[in-house]
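Working notes, beginning with the structure itself.
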Amino acid sequence: MTLSTYTANSSPFSVSAMLSASSPPITSLLYPKAFKLSKSNSKRIFSLRASSLPVYDTKLKVEYTPWLIVGLGNPGTKYYGTRHNIGFEMIDHIARTADISMNTIQSKGLVGIGAVGEVPILLVKPQTYMNFSGESVGPLAAYYKVPLHHILMIYDDMGLPNGVLRLQPKGGHSHHNGLKNVTEHLNGCRSFPRLSIGIGNPPGSMDMKAFLLQKFSRSERKQIDAGMEQGVDAVKTLVEYGFNDAISRFNLGQKYKFHTI
């Protein structure tokens, strides 16, 4: 995460202010700048970047760069519980865990604002339908000036076994139309984190579209639910500490979770 210290006279980050319709977000709050010390040290200016930092001076506070966490899916009850909507489900899991209400419509997306620990997050479920998800993600990222490395995309992945997750700092679109559209609306940049959730491959000669819009079997659902619980913990770790050893262990554990020795 990115943070900086500032004096008691500075305004602390306000979650509610991020969704103020009457005024744009205050850039200095989202992207804290270096500040001057007391008069005796007025020429000294510094900034800090760290995963975590103890603050011992009660006159100093900490600002964190927010995360934009987006789950890809299709709106409407017709698609609820289907393989292609697993990104929406993960957002719902994170929202429940973090006690965040998904109750605001902005930039063609259903948005919820809250925090993981001290780090502010925006949870988003684009309402544009899957293939046009970028129409929501692009404007939100621009409006809140969220840096690329703080935009986490969550989506279904046929390249992974059902219920297996993978968290990466960047990558391609993996022939996923929703992810491809998001990339296009981020000026073609691919250097944003992504959490892919395995849904397996269509059996036999089953049509891919029919497979994606199919609901999970009972055994598959059990694997998916367990995987999403693990995914919520991984997302919390990422938001608070970035890509660290814990994320590497998570990925390794996911890779071999169904292997028997």
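Identifiers in this document derive from the order of the structure tokens: chains are assigned A, B, ..., residues are numbered from 1 separately in each chain, and ligands are numbered from 1 in order of occurrence.
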
### Query
Leaving out Met153 in chain A and any residue of its chain fewer than 6 positions from it, which residues lie within 8 Å of it when counting only C-alpha atoms, given as a PyMOL selection string?
chain A and resi 69-72+179+192-195

Produce a file of the selected residues containing N, CA, C and O atoms, as a PDB file, in the first residue's frame.
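Just written: again26.pdb:
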ATOM      1  N   ILE A  69     -11.800  -2.520  -6.271  1.00  0.00           N
ATOM      2  CA  ILE A  69     -11.916  -3.976  -6.389  1.00  0.00           C
ATOM      3  C   ILE A  69     -13.168  -4.288  -7.197  1.00  0.00           C
ATOM      4  O   ILE A  69     -14.286  -3.984  -6.774  1.00  0.00           O
ATOM      5  N   VAL A  70     -12.975  -4.886  -8.366  1.00  0.00           N
ATOM      6  CA  VAL A  70     -14.063  -5.068  -9.325  1.00  0.00           C
ATOM      7  C   VAL A  70     -14.298  -6.548  -9.596  1.00  0.00           C
ATOM      8  O   VAL A  70     -13.371  -7.286  -9.942  1.00  0.00           O
ATOM      9  N   GLY A  71     -15.533  -6.987  -9.437  1.00  0.00           N
ATOM     10  CA  GLY A  71     -15.918  -8.344  -9.811  1.00  0.00           C
ATOM     11  C   GLY A  71     -16.673  -8.306 -11.126  1.00  0.00           C
ATOM     12  O   GLY A  71     -17.580  -7.488 -11.299  1.00  0.00           O
ATOM     13  N   LEU A  72     -16.299  -9.165 -12.064  1.00  0.00           N
ATOM     14  CA  LEU A  72     -16.950  -9.170 -13.375  1.00  0.00           C
ATOM     15  C   LEU A  72     -18.116 -10.158 -13.395  1.00  0.00           C
ATOM     16  O   LEU A  72     -18.041 -11.250 -12.830  1.00  0.00           O
ATOM     17  N   LEU A 179     -12.569  -8.998 -19.219  1.00  0.00           N
ATOM     18  CA  LEU A 179     -11.238  -8.512 -18.858  1.00  0.00           C
ATOM     19  C   LEU A 179     -10.598  -7.767 -20.029  1.00  0.00           C
ATOM     20  O   LEU A 179      -9.918  -6.746 -19.837  1.00  0.00           O
ATOM     21  N   PHE A 192      -2.331  -4.422 -13.957  1.00  0.00           N
ATOM     22  CA  PHE A 192      -3.205  -4.298 -12.789  1.00  0.00           C
ATOM     23  C   PHE A 192      -3.392  -5.692 -12.185  1.00  0.00           C
ATOM     24  O   PHE A 192      -3.392  -6.694 -12.905  1.00  0.00           O
ATOM     25  N   PRO A 193      -3.551  -5.800 -10.873  1.00  0.00           N
ATOM     26  CA  PRO A 193      -3.718  -7.100 -10.217  1.00  0.00           C
ATOM     27  C   PRO A 193      -5.014  -7.774 -10.648  1.00  0.00           C
ATOM     28  O   PRO A 193      -5.985  -7.101 -11.006  1.00  0.00           O
ATOM     29  N   ARG A 194      -4.995  -9.095 -10.586  1.00  0.00           N
ATOM     30  CA  ARG A 194      -6.214  -9.842 -10.907  1.00  0.00           C
ATOM     31  C   ARG A 194      -6.289 -11.102 -10.079  1.00  0.00           C
ATOM     32  O   ARG A 194      -5.271 -11.766  -9.815  1.00  0.00           O
ATOM     33  N   LEU A 195      -7.508 -11.415  -9.642  1.00  0.00           N
ATOM     34  CA  LEU A 195      -7.793 -12.656  -8.921  1.00  0.00           C
ATOM     35  C   LEU A 195      -8.678 -13.494  -9.833  1.00  0.00           C
ATOM     36  O   LEU A 195      -9.834 -13.164 -10.070  1.00  0.00           O
TER      37      LEU A 195
END

### Task
as number ranges by chain, please: all residues of range 45-251 of chain A that backbone DSSP puts in strand (DSSP E or B).
A: 45-46, 61-64, 67-71, 82, 104-106, 109-116, 119-126, 151-157, 165-168, 194-198, 215

#### Entry: Expected answer as number ranges by chain: alpha helix (DSSP H) residues in range 107-237 of chain A
A: 134-143, 177-185, 208-212, 218-237

### Query
So which one's closest to Asp225 in chain A, A:Ser248, A:Thr260, A:Thr237, A:Asn162? Using only C-alpha atoms, please.
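Comparing A:Ser248, A:Thr260, A:Thr237, A:Asn162 against Asp225 in chain A, the winner is A:Asn162.
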